[in-house]
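Engineer: Contents of data_30.cif (mmCIF, C-alpha atoms) are below:
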data_query
loop_
_atom_site.label_atom_id
_atom_site.label_comp_id
_atom_site.auth_asym_id
_atom_site.auth_seq_id
_atom_site.Cartn_x
_atom_site.Cartn_y
_atom_site.Cartn_z
CA MET A 1478 -31.77 -7.26 -25.29
CA HIS A 1479 -28.09 -6.49 -25.01
CA SER A 1480 -26.10 -4.85 -27.75
CA PRO A 1481 -23.05 -6.77 -29.03
CA THR A 1482 -20.79 -4.21 -27.38
CA ARG A 1483 -22.57 -4.58 -24.02
CA SER A 1484 -22.55 -8.38 -24.27
CA ARG A 1485 -18.83 -8.31 -25.05
CA ALA A 1486 -18.21 -6.01 -22.06
CA ILE A 1487 -20.14 -8.36 -19.77
CA ALA A 1488 -18.21 -11.37 -21.10
CA THR A 1489 -14.91 -9.50 -20.69
CA LEU A 1490 -15.80 -8.56 -17.12
CA ALA A 1491 -16.74 -12.18 -16.37
CA VAL A 1492 -13.42 -13.45 -17.75
CA LEU A 1493 -11.47 -10.88 -15.74
CA ALA A 1494 -13.40 -11.78 -12.58
CA LEU A 1495 -12.72 -15.48 -13.14
CA TRP A 1496 -9.02 -14.70 -13.74
CA MET A 1497 -8.92 -12.86 -10.42
CA LEU A 1498 -10.80 -15.61 -8.58
CA VAL A 1499 -8.57 -18.39 -9.87
CA THR A 1500 -5.36 -16.57 -9.01
CA ARG A 1501 -6.35 -14.67 -5.85
CA LEU A 1502 -8.28 -17.33 -3.95
CA PRO A 1503 -5.67 -19.39 -2.11
CA ASP A 1504 -7.34 -22.76 -2.69
CA ALA A 1505 -7.50 -22.32 -6.47
CA SER A 1506 -4.17 -20.54 -6.91
CA GLN A 1507 -2.26 -23.10 -4.82
CA LEU A 1508 -3.92 -26.02 -6.57
CA LEU A 1509 -3.03 -24.55 -9.97
CA HIS A 1510 0.33 -23.10 -8.78
CA LEU A 1511 -0.61 -19.62 -10.00
CA ARG A 1512 0.41 -16.27 -8.57
CA ASP A 1513 -2.11 -13.47 -8.06
CA ALA A 1514 -3.03 -11.74 -11.33
CA SER A 1515 -5.00 -8.87 -9.76
CA LEU A 1516 -2.58 -6.19 -10.96
CA ALA A 1517 -2.95 -7.37 -14.55
CA VAL A 1518 -6.72 -7.78 -14.19
CA PHE A 1519 -7.07 -4.10 -13.30
CA PHE A 1520 -4.72 -2.93 -16.07
CA ILE A 1521 -6.34 -5.11 -18.75
CA GLY A 1522 -9.78 -4.16 -17.42
CA GLY A 1523 -9.02 -0.49 -17.92
CA LEU A 1524 -7.69 -1.19 -21.39
CA LEU A 1525 -10.71 -3.18 -22.52
CA LEU A 1526 -13.64 -1.92 -20.45
CA ARG A 1527 -12.71 1.71 -19.70
CA ARG A 1528 -15.86 2.56 -17.71
CA THR A 1529 -15.78 3.04 -13.96
CA ALA A 1530 -18.58 0.56 -13.08
CA PRO A 1531 -16.55 -2.55 -14.02
CA PHE A 1532 -13.63 -1.16 -11.99
CA VAL A 1533 -15.88 -0.84 -8.95
CA LEU A 1534 -17.21 -4.39 -9.45
CA LEU A 1535 -13.69 -5.84 -9.72
CA LEU A 1536 -12.62 -3.82 -6.69
CA ALA A 1537 -15.57 -5.23 -4.74
CA LEU A 1538 -14.59 -8.72 -5.86
CA ALA A 1539 -11.00 -8.21 -4.67
CA VAL A 1540 -12.22 -6.97 -1.27
CA GLY A 1541 -14.69 -9.84 -1.06
CA ILE A 1542 -11.98 -12.38 -1.78
CA ASP A 1543 -9.76 -10.77 0.83
CA ALA A 1544 -12.58 -10.82 3.39
CA LEU A 1545 -13.09 -14.53 2.71
CA VAL A 1546 -9.37 -15.20 3.08
CA PHE A 1547 -9.18 -13.12 6.27
CA ALA A 1548 -12.13 -15.05 7.72
CA ARG A 1549 -10.57 -18.43 6.93
CA THR A 1550 -6.96 -17.72 7.91
CA ASP A 1551 -4.92 -15.77 10.42
CA MET A 1552 -3.95 -13.15 7.80
CA LEU A 1553 -6.33 -10.48 9.11
CA HIS A 1554 -3.85 -9.13 11.67
CA VAL A 1555 -1.09 -9.00 9.06
CA CYS A 1556 -2.92 -7.54 6.07
CA LEU A 1557 -5.72 -5.41 7.43
CA SER A 1558 -4.47 -2.05 8.58
CA PRO A 1559 -5.05 1.56 7.49
CA ALA A 1560 -2.70 0.70 4.61
CA TYR A 1561 -5.34 -1.61 3.08
CA ALA A 1562 -7.27 1.46 1.89
CA PHE A 1563 -4.32 2.31 -0.35
CA LEU A 1564 -5.02 -0.75 -2.49
CA PHE A 1565 -7.86 1.29 -3.99
CA PRO A 1566 -5.62 3.99 -5.51
CA ALA A 1567 -3.01 1.34 -6.38
CA TYR A 1568 -5.62 -0.57 -8.41
CA ALA A 1569 -7.08 2.67 -9.81
CA LEU A 1570 -3.66 3.63 -11.14
CA LEU A 1571 -3.56 0.33 -13.06
CA TRP A 1572 -7.12 0.72 -14.35
CA PHE A 1573 -6.64 4.29 -15.52
CA GLY A 1574 -3.23 3.45 -17.00
CA GLY A 1575 -4.94 0.83 -19.18
CA ARG A 1576 -7.81 3.16 -19.88
CA ALA A 1577 -5.43 5.91 -21.06
CA LEU A 1578 -4.20 3.56 -23.79
CA SER A 1579 -7.57 2.15 -24.76
CA LEU A 1580 -8.37 4.45 -27.66
CA ARG A 1581 -4.91 4.02 -29.20
CA PHE A 1582 -4.60 0.26 -28.67
CA ASP A 1583 -5.29 -1.87 -31.76
CA GLY A 1584 -3.33 -5.04 -30.94
CA ARG A 1585 -0.58 -4.48 -33.49
CA ALA A 1586 3.08 -4.67 -32.49
CA PRO A 1587 3.67 -0.96 -31.69
CA GLY A 1588 0.50 -0.76 -29.60
CA LEU A 1589 1.36 -4.01 -27.83
CA ALA A 1590 4.83 -2.75 -27.00
CA LEU A 1591 3.47 0.54 -25.68
CA ALA A 1592 0.82 -1.30 -23.63
CA ALA A 1593 3.41 -3.69 -22.21
CA VAL A 1594 5.75 -0.86 -21.18
CA THR A 1595 2.86 1.15 -19.75
CA GLY A 1596 1.61 -1.93 -17.92
CA VAL A 1597 5.01 -2.59 -16.35
CA VAL A 1598 5.35 1.07 -15.28
CA CYS A 1599 1.85 0.94 -13.78
CA VAL A 1600 2.65 -2.31 -11.96
CA VAL A 1601 5.78 -0.76 -10.44
CA ALA A 1602 3.93 2.41 -9.43
CA SER A 1603 1.00 0.43 -8.03
CA PHE A 1604 3.35 -1.74 -6.01
CA ALA A 1605 5.12 1.39 -4.70
CA ILE A 1606 1.77 2.74 -3.48
CA SER A 1607 0.68 -0.48 -1.81
CA ASN A 1608 4.11 -1.33 -0.38
CA GLY A 1609 4.81 2.23 0.73
CA SER A 1610 1.49 2.55 2.49
CA PHE A 1611 2.00 -0.82 4.19
CA TYR A 1612 5.44 0.28 5.34
CA LEU A 1613 4.15 3.58 6.71
CA LEU A 1614 0.74 2.62 8.09
CA SER A 1615 0.66 -1.07 9.00
CA GLY A 1616 2.43 -0.75 12.31
CA ALA A 1617 4.53 -3.77 11.37
CA PHE A 1618 7.77 -1.81 11.29
CA GLY A 1619 9.53 -0.14 14.16
CA GLU A 1620 11.52 2.90 13.22
CA LEU A 1621 10.45 4.27 9.83
CA SER A 1622 13.09 5.59 7.46
CA LEU A 1623 13.68 6.06 3.76
CA GLY A 1624 16.39 3.41 3.92
CA GLY A 1625 14.03 1.03 5.67
CA PHE A 1626 11.40 1.56 2.99
CA ALA A 1627 13.98 1.08 0.23
CA SER A 1628 15.08 -2.18 1.85
CA GLN A 1629 11.49 -3.45 2.09
CA PHE A 1630 10.72 -2.31 -1.46
CA LEU A 1631 13.76 -4.08 -2.87
CA ARG A 1632 12.98 -7.20 -0.87
CA TYR A 1633 9.41 -7.64 -2.10
CA SER A 1634 9.29 -5.83 -5.45
CA PRO A 1635 10.90 -8.50 -7.65
CA GLY A 1636 8.21 -11.08 -6.95
CA PHE A 1637 5.29 -8.67 -7.21
CA VAL A 1638 6.60 -6.67 -10.16
CA LEU A 1639 7.72 -9.69 -12.17
CA THR A 1640 4.48 -11.55 -11.53
CA GLY A 1641 2.28 -8.53 -12.30
CA SER A 1642 4.29 -7.68 -15.41
CA ALA A 1643 4.26 -11.26 -16.66
CA TRP A 1644 0.47 -11.42 -16.24
CA VAL A 1645 0.07 -8.06 -18.05
CA CYS A 1646 2.15 -9.33 -20.98
CA ALA A 1647 0.28 -12.66 -21.04
CA GLY A 1648 -3.03 -10.80 -21.04
CA LEU A 1649 -1.88 -8.55 -23.88
CA ALA A 1650 -0.77 -11.59 -25.89
CA VAL A 1651 -4.21 -13.17 -25.47
CA ILE A 1652 -5.88 -9.90 -26.48
CA ALA A 1653 -3.68 -9.66 -29.59
CA LEU A 1654 -4.57 -13.25 -30.52
CA LEU A 1655 -8.29 -12.62 -29.98
CA LEU A 1656 -8.10 -9.45 -32.10
CA ARG A 1657 -6.37 -11.35 -34.91
CA GLN A 1658 -8.99 -14.11 -34.72
CA GLY A 1659 -11.81 -11.55 -34.84
CA VAL A 1660 -13.16 -12.57 -31.42
CA LEU A 1661 -12.45 -9.06 -30.10
CA ALA A 1662 -12.88 -5.88 -32.10
CA PRO A 1663 -10.45 -2.97 -31.71
CA THR A 1664 -11.74 -0.16 -29.52
CA PRO A 1665 -13.43 2.45 -31.70
CA ARG A 1666 -11.30 5.58 -31.97
CA ALA A 1667 -12.76 8.86 -30.82
CA ALA A 1668 -14.02 11.05 -33.64
#
Write out the structure in this file as structure tokens.

Structural biologist:
Amino acid sequence: MHSPTRSRAIATLAVLALWMLVTRLPDASQLLHLRDASLAVFFIGGLLLRRTAPFVLLLALAVGIDALVFARTDMLHVCLSPAYAFLFPAYALLWFGGRALSLRFDGRAPGLALAAVTGVVCVVASFAISNGSFYLLSGAFGELSLGGFASQFLRYSPGFVLTGSAWVCAGLAVIALLLRQGVLAPTPRAA
């Protein structure tokens, strides 16, 4: 028999996995016109679940989705390079950023504002890791330079950062609503 806390964690993990599936799988995301919410899934996951096991499960899901996409499309040669391994620390940064807030987050306005700002900072830093590693290690760019990286970063960051930040804020709004409705309980504070 599961404890209420364990059952809630399993339900939260299931919702986060579904959120990732619906927005990361091309068929579903294109049908629903949704952008990838993976950055927010990892941040919110860290905030709500904290433990490492759910992080590993969501990471495996992300890799599994990517493997499926690579098998069905011609994206393998574009996306799979030594840089792909840097998605792991990029997602870990989001998870542990959320986790760092988890014991102080209660869903009230100050905590929501702090979580939103932290989430946006984590999204930017995560994107810098993934984009920087792709620039350096993918082999897709000729001559590497700081200016070249800055150009690539500025070209792609608005879409990724705005999408990731919007999903983080939407997730936090849902969490605040669920806390107010009593569906979620605030994370117990450490003694």

Engineer: Please, which residues in stretch 1556-1613 of chain A fall within 10 Å of stretch 1521-1538 of chain A when counting only C-alpha atoms, and what is the closest atom pair and distance in Å to one decimal for each, ordered by chain then residue number, as a tab-separated table?

Structural biologist:
residue	atom	partner	partner_atom	distance
A:Leu1564	CA	A:Leu1536	CA	9.2
A:Phe1565	CA	A:Leu1536	CA	7.5
A:Tyr1568	CA	A:Leu1536	CA	7.9
A:Ala1569	CA	A:Phe1532	CA	7.9
A:Leu1570	CA	A:Gly1523	CA	9.6
A:Leu1571	CA	A:Gly1523	CA	7.4
A:Trp1572	CA	A:Gly1523	CA	4.2
A:Phe1573	CA	A:Gly1523	CA	5.9
A:Gly1574	CA	A:Gly1523	CA	7.1
A:Gly1575	CA	A:Leu1524	CA	4.1
A:Arg1576	CA	A:Gly1523	CA	4.3
A:Ala1577	CA	A:Leu1524	CA	7.5
A:Leu1578	CA	A:Leu1524	CA	6.4
A:Ser1579	CA	A:Leu1524	CA	4.7
A:Leu1580	CA	A:Leu1524	CA	8.5
A:Arg1581	CA	A:Leu1524	CA	9.8
A:Phe1582	CA	A:Leu1524	CA	8.0
A:Ala1592	CA	A:Leu1524	CA	8.8
A:Gly1596	CA	A:Ile1521	CA	8.6

Engineer: For a quick check of understanding, using all atoms listed in the file, which of A:Ala1590, A:Met1497, A:Val1651, A:Ala1539 has the smallest distance to A:Val1518?

Structural biologist: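 For A:Val1518, the nearest of the given residues is A:Met1497.
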
Engineer: Would you translate the PyMOL selection byres ((chain A and resi 1600) around 12) into the concrete set of residues it matches in this file, as a PyMOL selection string?

Structural biologist: chain A and resi 1514-1521+1567-1575+1592-1599+1601-1608+1634-1646

Engineer: Identify the residues around (-3.6, -6.3, -29.8) within a radius of 7 Å, measuring from only C-alpha atoms in the coordinates stated by the file, and give them as a ChimeraX atom specification.

Structural biologist: /A:1582-1585,1588-1589,1649,1652-1653,1656

Engineer: Find the distance between atom CA of A:Leu1655 and atom CA of A:Leu1490 and write it in Å to one decimal.

Structural biologist: 15.4 Å

Engineer: Would you mind reading off the distance between atom CA of A:Ala1647 and atom CA of A:Thr1489, one decimal, in Å?

Structural biologist: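 A separation of 15.5 Å between them.
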
Engineer: Please indicate the distance in Å from atom CA of A:Gly1616 to atom CA of A:Leu1511, rounded to one decimal place.

Structural biologist: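 A separation of 29.4 Å between them.
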
Engineer: Out of A:Ala1562, A:Val1660, A:Ala1586, A:Ala1627, which residue has the shortest atom-to-atom distance to A:Ser1615 when counting only C-alpha atoms?

Structural biologist: A:Ala1562
